[in-house]
file query-v2.csv (CSV, C-alpha atoms)
chain,number,residue,atom,x,y,z
A,5,MET,CA,178.7,9.9,137.8
A,6,GLY,CA,182.4,10.6,137.7
A,7,CYS,CA,183.2,7.1,136.6
A,8,SER,CA,180.5,7.2,134.0
A,9,GLY,CA,182.0,10.4,132.5
A,10,CYS,CA,185.4,8.7,132.4
A,11,ARG,CA,184.0,5.8,130.5
A,12,VAL,CA,182.4,8.2,127.9
A,13,ARG,CA,185.7,10.0,127.5
A,14,PHE,CA,187.6,6.7,127.1
A,15,ASN,CA,185.1,5.4,124.4
A,16,PHE,CA,185.3,8.8,122.6
A,17,GLY,CA,189.1,8.5,122.6
A,18,LYS,CA,189.0,5.0,121.1
A,19,ALA,CA,186.6,6.1,118.4
A,20,LEU,CA,188.8,9.0,117.5
A,21,SER,CA,191.8,6.7,117.3
A,22,LYS,CA,190.0,4.3,115.0
A,23,VAL,CA,188.9,7.2,112.7
A,24,SER,CA,192.5,8.4,112.6
A,25,VAL,CA,193.7,4.9,111.6
A,26,PHE,CA,191.0,4.7,108.9
A,27,PHE,CA,191.9,8.0,107.3
A,28,THR,CA,195.6,7.1,107.5
A,29,MET,CA,194.9,3.8,105.6
A,30,VAL,CA,192.8,5.7,103.0
A,31,LEU,CA,195.7,8.1,102.4
A,32,ILE,CA,198.1,5.2,102.1
A,33,PHE,CA,195.9,3.3,99.6
A,34,THR,CA,195.3,6.6,97.7
A,35,TYR,CA,199.1,7.1,97.5
A,36,PHE,CA,199.8,3.6,96.2
A,37,PHE,CA,197.0,3.8,93.7
A,38,TYR,CA,198.4,7.1,92.4
A,39,CYS,CA,201.9,5.6,92.1
A,40,LEU,CA,200.7,2.5,90.2
A,41,THR,CA,198.6,4.7,87.8
A,42,ALA,CA,201.6,6.9,87.1
A,43,LEU,CA,203.8,3.9,86.5
A,44,CYS,CA,201.4,2.5,83.9
A,45,ASP,CA,201.2,5.8,82.2
A,46,SER,CA,204.9,6.1,81.9
A,47,ALA,CA,205.4,2.5,80.6
A,48,PRO,CA,206.1,2.3,76.8
A,49,ARG,CA,203.1,1.3,74.7
A,50,THR,CA,203.2,-0.6,71.4
A,51,PRO,CA,202.2,1.6,68.5
A,52,TYR,CA,199.7,-1.0,67.4
A,53,SER,CA,197.7,-0.9,70.7
A,54,HIS,CA,195.0,1.0,69.0
A,55,ARG,CA,193.7,1.4,65.5
A,56,ALA,CA,196.3,3.6,63.8
A,57,SER,CA,195.2,6.4,61.5
A,58,ASP,CA,197.0,7.2,58.3
A,59,ARG,CA,198.9,9.9,60.1
A,60,ASP,CA,200.1,7.4,62.7
A,61,TYR,CA,201.5,5.2,60.1
A,62,GLU,CA,203.2,8.2,58.5
A,63,ILE,CA,204.9,9.1,61.8
A,64,LEU,CA,205.9,5.4,62.3
A,65,ASP,CA,207.4,5.4,58.8
A,66,ASP,CA,209.5,8.4,59.7
A,67,LEU,CA,210.7,6.7,62.8
A,68,ARG,CA,211.6,3.4,61.1
A,69,PRO,CA,215.3,3.1,60.4
A,70,PRO,CA,216.1,3.3,56.7
A,71,PRO,CA,217.7,0.4,54.8
A,72,ARG,CA,221.4,-0.3,55.3
A,73,LEU,CA,222.5,1.7,52.4
A,74,LEU,CA,225.7,3.6,52.3
A,75,LEU,CA,224.8,7.3,51.9
A,76,VAL,CA,227.0,9.9,50.4
A,77,ASP,CA,226.6,13.1,52.3
A,78,ALA,CA,228.9,15.9,53.3
A,79,PRO,CA,230.2,16.5,55.8
A,80,LEU,CA,228.5,13.9,58.0
A,81,GLN,CA,229.4,10.6,56.2
A,82,ARG,CA,231.9,9.5,53.7
A,83,ASN,CA,230.8,6.1,52.5
A,84,ARG,CA,231.3,4.1,49.3
A,85,THR,CA,229.7,0.9,48.1
A,86,ALA,CA,230.2,-1.6,45.4
A,87,PRO,CA,228.0,-1.5,42.3
A,88,VAL,CA,225.4,-4.0,41.5
A,89,ASP,CA,227.0,-7.3,40.9
A,90,ALA,CA,227.1,-9.4,37.8
A,91,SER,CA,224.2,-11.5,39.0
A,92,GLY,CA,221.9,-8.5,38.8
A,93,GLN,CA,221.3,-8.5,42.6
A,94,PRO,CA,221.5,-5.3,44.6
A,95,PRO,CA,224.8,-4.9,46.3
A,96,GLN,CA,225.4,-5.9,49.9
A,97,HIS,CA,226.4,-2.5,51.4
A,98,ALA,CA,229.3,-2.3,53.7
A,99,PRO,CA,230.8,0.8,55.2
A,100,ASP,CA,234.2,2.2,54.2
A,101,ASN,CA,235.9,2.5,57.5
A,102,ALA,CA,238.2,5.2,56.4
A,103,ASN,CA,235.7,7.9,57.4
A,104,ASP,CA,233.0,6.3,59.4
A,105,SER,CA,233.0,8.4,62.6
A,106,ALA,CA,229.3,9.1,62.2
A,107,HIS,CA,228.5,5.4,62.4
A,108,SER,CA,230.9,4.6,65.3
A,109,ASP,CA,229.1,7.2,67.4
A,110,GLY,CA,225.7,5.5,67.1
A,111,ILE,CA,222.8,6.3,64.8
A,112,PRO,CA,224.0,9.0,62.4
A,113,VAL,CA,222.0,12.2,62.3
A,114,SER,CA,221.1,11.6,58.6
A,115,ASN,CA,219.2,8.4,59.6
A,116,THR,CA,216.8,10.2,62.0
A,117,PHE,CA,216.1,13.6,60.5
A,118,GLY,CA,214.8,14.8,57.1
A,119,THR,CA,212.7,13.2,54.4
A,120,LYS,CA,213.3,10.6,51.7
A,121,ARG,CA,212.7,12.2,48.4
A,122,PHE,CA,213.0,11.2,44.7
A,123,PRO,CA,216.3,12.6,43.3
A,124,GLN,CA,216.0,16.1,41.8
A,125,ALA,CA,219.2,15.5,39.8
A,126,ILE,CA,220.7,12.3,38.3
A,127,ILE,CA,224.1,11.7,36.8
A,128,ILE,CA,222.9,9.5,33.8
A,129,GLY,CA,226.2,8.9,32.0
A,130,VAL,CA,228.6,8.0,30.6
A,131,LYS,CA,230.4,4.9,31.7
A,132,LYS,CA,234.2,5.6,32.1
A,133,GLY,CA,233.5,9.2,31.4
A,134,GLY,CA,234.3,10.5,34.9
A,135,THR,CA,231.0,10.0,36.7
A,136,ARG,CA,232.6,8.7,39.9
A,137,ALA,CA,235.0,11.6,40.1
A,138,LEU,CA,232.1,14.0,39.7
A,139,LEU,CA,230.1,12.4,42.5
A,140,GLU,CA,233.1,12.3,44.8
A,141,PHE,CA,233.7,16.1,44.2
A,142,LEU,CA,230.0,16.8,44.8
A,143,ARG,CA,230.2,15.1,48.1
A,144,ILE,CA,232.1,18.0,49.4
A,145,HIS,CA,229.1,20.2,49.2
A,146,PRO,CA,226.9,20.3,52.3
A,147,ASP,CA,223.7,20.6,50.3
A,148,VAL,CA,224.2,17.5,48.2
A,149,ARG,CA,223.1,14.0,49.4
A,150,ALA,CA,223.4,11.0,47.2
A,151,VAL,CA,223.2,7.2,47.3
A,152,GLY,CA,226.8,5.9,47.2
A,153,SER,CA,226.1,2.8,45.0
A,154,GLU,CA,224.5,2.8,41.6
A,155,PRO,CA,220.8,2.0,42.1
A,156,HIS,CA,220.2,0.9,38.5
A,157,PHE,CA,216.5,1.4,39.1
A,158,PHE,CA,215.6,2.8,35.6
A,159,ASP,CA,217.4,0.0,33.7
A,160,ARG,CA,217.5,-3.1,35.9
A,161,PHE,CA,215.1,-2.9,38.8
A,162,TYR,CA,212.2,-0.8,37.5
A,163,ASP,CA,209.7,-3.5,38.3
A,164,LYS,CA,210.4,-3.0,42.0
A,165,GLY,CA,208.4,0.2,41.8
A,166,LEU,CA,209.0,3.9,42.6
A,167,GLU,CA,208.4,3.5,46.4
A,168,TRP,CA,211.3,1.0,46.5
A,169,TYR,CA,213.4,3.5,44.6
A,170,ARG,CA,212.5,6.4,46.9
A,171,ASN,CA,213.4,4.3,50.0
A,172,LEU,CA,216.9,3.9,48.6
A,173,MET,CA,217.4,7.6,48.8
A,174,PRO,CA,219.1,9.3,51.8
A,175,ARG,CA,217.1,11.6,54.1
A,176,THR,CA,217.5,15.2,53.2
A,177,LEU,CA,216.6,18.5,54.9
A,178,ASP,CA,215.0,21.5,53.3
A,179,GLY,CA,217.4,23.1,50.9
A,180,GLN,CA,219.4,19.9,50.2
A,181,ILE,CA,219.4,18.1,46.9
A,182,THR,CA,219.0,14.4,46.5
A,183,MET,CA,221.1,12.8,43.8
A,184,GLU,CA,222.0,9.4,42.4
A,185,LYS,CA,224.4,8.2,39.6
A,186,THR,CA,223.9,5.3,37.2
A,187,PRO,CA,225.9,5.8,34.0
A,188,SER,CA,224.1,3.1,32.1
A,189,TYR,CA,220.9,5.1,32.1
A,190,PHE,CA,222.2,7.2,29.2
A,191,VAL,CA,222.4,4.2,26.8
A,192,THR,CA,219.2,2.5,28.0
A,193,LYS,CA,216.3,3.0,25.6
A,194,GLU,CA,213.6,2.9,28.2
A,195,ALA,CA,215.3,5.1,30.8
A,196,PRO,CA,214.1,8.5,29.5
A,197,SER,CA,210.4,7.7,29.7
A,198,ARG,CA,210.8,6.0,33.0
A,199,VAL,CA,212.6,9.0,34.6
A,200,CYS,CA,210.0,11.3,33.1
A,201,THR,CA,207.3,9.2,34.7
A,202,MET,CA,208.9,9.9,38.1
A,203,ASN,CA,209.5,13.6,37.4
A,204,CYS,CA,209.9,15.3,34.0
A,205,GLN,CA,211.6,18.3,35.8
A,206,THR,CA,214.5,16.1,36.9
A,207,LYS,CA,217.9,17.7,36.1
A,208,LEU,CA,220.2,15.4,34.1
A,209,ILE,CA,224.0,15.4,34.1
A,210,VAL,CA,226.1,13.7,31.4
A,211,VAL,CA,229.8,13.4,31.8
A,212,VAL,CA,231.3,12.9,28.3
A,213,ARG,CA,234.8,12.1,27.2
A,214,ASP,CA,236.6,11.5,23.9
A,215,PRO,CA,234.8,8.4,22.7
A,216,VAL,CA,238.0,6.7,21.5
A,217,THR,CA,239.8,7.2,24.9
A,218,ARG,CA,236.6,6.2,26.6
A,219,ALA,CA,236.4,2.9,24.6
A,220,VAL,CA,240.0,2.0,25.5
A,221,SER,CA,239.3,2.8,29.1
A,222,ASP,CA,236.2,0.6,29.0
A,223,TYR,CA,238.2,-2.2,27.5
A,224,THR,CA,241.0,-1.8,30.1
A,225,GLN,CA,238.5,-2.2,32.9
A,226,THR,CA,237.0,-5.3,31.4
A,227,LEU,CA,240.5,-6.8,30.7
A,228,SER,CA,241.4,-6.3,34.4
A,229,LYS,CA,238.5,-8.6,35.3
A,230,ASN,CA,238.9,-11.0,32.5
A,231,PRO,CA,242.6,-11.4,31.4
A,232,GLY,CA,241.6,-13.8,28.6
A,233,LEU,CA,239.7,-11.1,26.7
A,234,PRO,CA,240.4,-10.9,23.0
A,235,SER,CA,242.5,-7.9,21.8
A,236,PHE,CA,241.0,-4.5,21.5
A,237,GLN,CA,241.3,-4.4,17.7
A,238,SER,CA,239.6,-7.8,17.3
A,239,LEU,CA,236.6,-6.5,19.2
A,240,ALA,CA,236.5,-3.0,17.7
A,241,LEU,CA,236.8,-4.1,14.1
A,242,LYS,CA,234.3,-6.4,12.3
A,243,ASN,CA,237.1,-7.3,9.8
A,244,SER,CA,240.7,-6.3,10.1
A,245,SER,CA,241.1,-6.1,6.3
A,246,THR,CA,238.0,-3.9,5.7
A,247,GLY,CA,238.5,-1.8,8.8
A,248,LEU,CA,234.7,-1.7,9.5
A,249,ILE,CA,233.9,-0.7,13.1
A,250,ASP,CA,231.7,-3.1,15.1
A,251,THR,CA,229.0,-1.0,16.6
A,252,THR,CA,227.5,-3.9,18.4
A,253,TRP,CA,230.4,-3.9,20.8
A,254,SER,CA,229.2,-1.9,23.9
A,255,ALA,CA,232.6,-0.2,24.3
A,256,VAL,CA,232.0,1.3,20.8
A,257,ARG,CA,228.3,1.8,21.0
A,258,ILE,CA,228.4,3.9,24.2
A,259,GLY,CA,230.5,6.5,22.4
A,260,LEU,CA,227.7,7.4,20.0
A,261,TYR,CA,226.6,10.2,22.2
A,262,ALA,CA,224.4,12.0,19.7
A,263,LYS,CA,222.3,8.9,19.1
A,264,HIS,CA,221.7,8.4,22.8
A,265,LEU,CA,221.0,12.0,23.4
A,266,GLU,CA,218.3,12.1,20.7
A,267,ASN,CA,216.5,9.4,22.6
A,268,TRP,CA,216.5,11.5,25.8
A,269,LEU,CA,215.4,14.6,24.0
A,270,GLN,CA,212.1,13.0,23.1
A,271,HIS,CA,211.2,13.3,26.8
A,272,PHE,CA,213.3,16.1,28.2
A,273,PRO,CA,214.2,19.6,26.8
A,274,LEU,CA,217.8,20.4,26.3
A,275,SER,CA,217.7,22.9,29.2
A,276,HIS,CA,217.4,20.0,31.6
A,277,PHE,CA,220.8,18.7,30.6
A,278,LEU,CA,224.3,19.6,31.7
A,279,PHE,CA,227.2,18.1,29.7
A,280,VAL,CA,230.3,17.9,31.8
A,281,SER,CA,233.7,17.5,30.0
A,282,GLY,CA,235.5,14.5,31.4
A,283,GLU,CA,238.8,16.0,30.2
A,284,ARG,CA,238.2,19.4,31.9
A,285,LEU,CA,237.1,17.6,35.1
A,286,VAL,CA,240.7,16.4,35.2
A,287,SER,CA,242.5,19.5,33.9
A,288,ASP,CA,240.3,22.1,35.7
A,289,PRO,CA,238.1,20.4,38.3
A,290,ALA,CA,237.2,23.6,40.1
A,291,GLY,CA,236.0,25.2,36.8
A,292,GLU,CA,233.8,22.3,35.8
A,293,MET,CA,232.5,22.0,39.4
A,294,GLY,CA,231.5,25.6,39.2
A,295,ARG,CA,229.3,24.9,36.2
A,296,VAL,CA,227.8,21.9,38.0
A,297,GLN,CA,227.0,23.9,41.1
A,298,ASP,CA,225.4,26.6,39.0
A,299,PHE,CA,223.3,24.1,37.1
A,300,LEU,CA,222.0,22.6,40.4
A,301,GLY,CA,221.2,26.0,41.9
A,302,LEU,CA,223.8,25.6,44.6
A,303,LYS,CA,226.2,28.1,46.1
A,304,ARG,CA,229.7,27.7,44.8
A,305,VAL,CA,231.3,25.9,47.7
A,306,VAL,CA,233.6,23.5,45.9
A,307,SER,CA,236.6,25.4,44.5
A,308,ASP,CA,240.3,25.3,43.8
A,309,LYS,CA,241.1,25.0,47.5
A,310,HIS,CA,239.7,21.5,47.6
A,311,PHE,CA,241.9,19.9,44.9
A,312,TYR,CA,245.5,18.9,44.2
A,313,PHE,CA,246.8,17.0,41.2
A,314,ASN,CA,248.2,13.5,41.9
A,315,GLN,CA,251.0,13.0,39.4
A,316,THR,CA,251.1,9.2,40.0
A,317,LYS,CA,247.4,8.7,39.2
A,318,GLY,CA,247.2,11.4,36.6
A,319,PHE,CA,244.1,13.1,37.9
A,320,PRO,CA,243.1,15.5,40.7
A,321,CYS,CA,242.4,14.3,44.2
A,322,LEU,CA,240.7,16.0,47.1
A,323,LYS,CA,242.9,17.6,49.7
A,324,LYS,CA,242.8,16.1,53.2
A,325,PRO,CA,239.3,16.6,54.6
A,326,GLU,CA,239.0,17.9,58.1
A,327,GLY,CA,239.3,15.1,60.6
A,328,SER,CA,240.9,12.7,58.1
A,329,SER,CA,244.5,11.5,58.2
A,330,ARG,CA,245.1,11.5,54.5
A,331,PRO,CA,243.9,13.1,51.2
A,332,ARG,CA,241.1,11.4,49.3
A,333,CYS,CA,241.7,10.0,45.8
A,334,LEU,CA,239.6,7.7,43.7
A,335,GLY,CA,240.1,3.9,44.2
A,336,LYS,CA,242.9,1.7,42.8
A,337,SER,CA,240.6,0.8,39.8
A,338,LYS,CA,240.8,4.4,38.6
A,339,GLY,CA,243.8,5.6,36.6
A,340,ARG,CA,244.8,2.1,35.3
A,341,PRO,CA,247.5,2.2,32.5
A,342,HIS,CA,245.9,1.5,29.1
A,343,PRO,CA,247.2,-1.3,26.9
A,344,GLN,CA,249.1,-0.4,23.7
A,345,ILE,CA,246.6,-0.2,20.8
A,346,PRO,CA,247.9,0.0,17.2
A,347,SER,CA,247.8,3.6,16.0
A,348,GLU,CA,245.9,2.6,12.8
A,349,VAL,CA,243.1,1.1,14.8
A,350,LEU,CA,242.8,4.2,16.9
A,351,GLN,CA,242.8,6.4,13.8
A,352,ARG,CA,240.0,4.2,12.2
A,353,LEU,CA,237.9,4.8,15.4
A,354,ARG,CA,238.6,8.6,15.3
A,355,ASP,CA,237.4,8.7,11.6
A,356,PHE,CA,234.4,6.6,12.6
A,357,TYR,CA,233.4,8.9,15.5
A,358,ARG,CA,234.0,12.2,13.8
A,359,PRO,CA,230.6,12.8,12.2
A,360,PHE,CA,228.8,11.5,15.4
A,361,ASN,CA,231.0,13.9,17.5
A,362,HIS,CA,230.1,16.9,15.2
A,363,HIS,CA,226.4,16.1,15.5
A,364,PHE,CA,226.7,15.9,19.3
A,365,TYR,CA,228.5,19.3,19.3
A,366,GLN,CA,225.6,20.7,17.3
A,367,ILE,CA,222.8,19.3,19.6
A,368,SER,CA,224.5,20.0,22.9
A,369,GLY,CA,225.8,23.5,21.8
A,370,GLN,CA,229.3,22.6,23.1
A,371,ASN,CA,232.5,21.8,21.1
A,372,PHE,CA,234.5,19.3,23.2
A,373,GLY,CA,237.5,19.4,20.8
A,374,TRP,CA,237.9,15.7,20.4
A,375,ASP,CA,238.7,15.9,16.6
A,376,LYS,CA,241.8,18.1,16.8
call {"tool": "encode", "arguments": {"input": "query-v2.csv", "output": "structure tokens"}}
result
Amino acid sequence: MGCSGCRVRFNFGKALSKVSVFFTMVLIFTYFFYCLTALCDSAPRTPYSHRASDRDYEILDDLRPPPRLLLVDAPLQRNRTAPVDASGQPPQHAPDNANDSAHSDGIPVSNTFGTKRFPQAIIIGVKKGGTRALLEFLRIHPDVRAVGSEPHFFDRFYDKGLEWYRNLMPRTLDGQITMEKTPSYFVTKEAPSRVCTMNCQTKLIVVVRDPVTRAVSDYTQTLSKNPGLPSFQSLALKNSSTGLIDTTWSAVRIGLYAKHLENWLQHFPLSHFLFVSGERLVSDPAGEMGRVQDFLGLKRVVSDKHFYFNQTKGFPCLKKPEGSSRPRCLGKSKGRPHPQIPSEVLQRLRDFYRPFNHHFYQISGQNFGWDK
């Protein structure tokens, strides 16, 4: 009997040992299964692993990096790009490494936050009037974001569509204004209706300058690129003996501000325009920038403290921005010395423009004093 009881206890002990091993194995397998499941859940999934809803694509669009456009914003970035080239192709954008700390630190904040919107304000003209200076001065304001290059959408690339245009814009946060500048819009016949198709509430800024001085500046720029250009007087006058002005020459035609403005007023009320004096932008930049900021509904941030007058260039520059080793002036192409033009040719141009200037003063409600 005693040996029989020992055998029972021995068998019971072996059974208990097997049960313990079984439960241990179950726990081990459960643990490994749990770990593998958690690993799969933590692995990245492709966004196309399921049928995406419209909202999904919307989120993906927000996460997609924007095109490599150089964006003008303050104070995060300070980029500039070349205009559309002569072939009519959009420019290849390259950063200005003078102030590119935002890029060197990785993806800039402006590329990952905010929304791409159509511009609420556009600088539509005029060429050689001071549009680049105005945009550079606006860059100081933290609530202004703008494309650095000239998109030329409403005159050259309209067939690409509004969504293409919107994707050129920088991302903006609530309270920030999206802007762009293309001076040729002002003299493009189709531009007003096209801008209105996008948004008839768009604010329009026109930087104007004495049309005679503007024409000479326009000619000077072209001459720097094409030294074999005929003389100014041979281009401006149809016939030197009669003294008739050749209005087919673009340098002369652009200065007919009243004519171009009347085209825009067929689609926009006068209250949507701000006419900035190119001369006062040089002599009193803070004063003109105050008017611009008021027109855009911005707090007056840009003031006298931001400017100093560069005697060499003959126009104001921005004082040294924080974090920069030097002040910021416009490029070497700005402030070129003008060629000598015969005084009688300049006088003929002044006589030609006088009635157009007076008409422009009447329409705009501002006397720019070009006929003194």
call {"tool": "closest_residue", "arguments": {"input": "query-v2.csv", "among": "A:Lys207, A:Arg304, A:Lys193, A:Arg136", "to": "Leu274 in chain A", "atoms": "only C-alpha atoms"}}
result
A:Lys207
call {"tool": "residues_around", "arguments": {"input": "query-v2.csv", "residues": "Leu353 in chain A", "least_positions_apart": "4", "cutoff": "8 Å", "atoms": "all atoms listed in the file", "output": "VMD selection string"}}
result
chain A and resid 216 249 349 357
call {"tool": "atom_distance", "arguments": {"input": "query-v2.csv", "atom1": "CA of Ile144 in chain A", "atom2": "CA of Leu300 in chain A"}}
result
14.3 Å
call {"tool": "residues_around", "arguments": {"input": "query-v2.csv", "residues": "Ile258 in chain A", "least_positions_apart": "3", "cutoff": "9 Å", "atoms": "all atoms listed in the file", "output": "list of chain:residue names"}}
result
A:Val130, A:Lys131, A:Phe190, A:Val191, A:Pro215, A:Arg218, A:Ala219, A:Trp253, A:Ser254, A:Ala255, A:Tyr261, A:His264
call {"tool": "closest_residue", "arguments": {"input": "query-v2.csv", "among": "A:Arg121, A:His276, A:Gly165, A:Ala137", "to": "Arg149 in chain A", "atoms": "only C-alpha atoms"}}
result
A:Arg121
call {"tool": "atom_distance", "arguments": {"input": "query-v2.csv", "atom1": "CA of Gln180 in chain A", "atom2": "CA of Cys200 in chain A"}}
result
21.3 Å
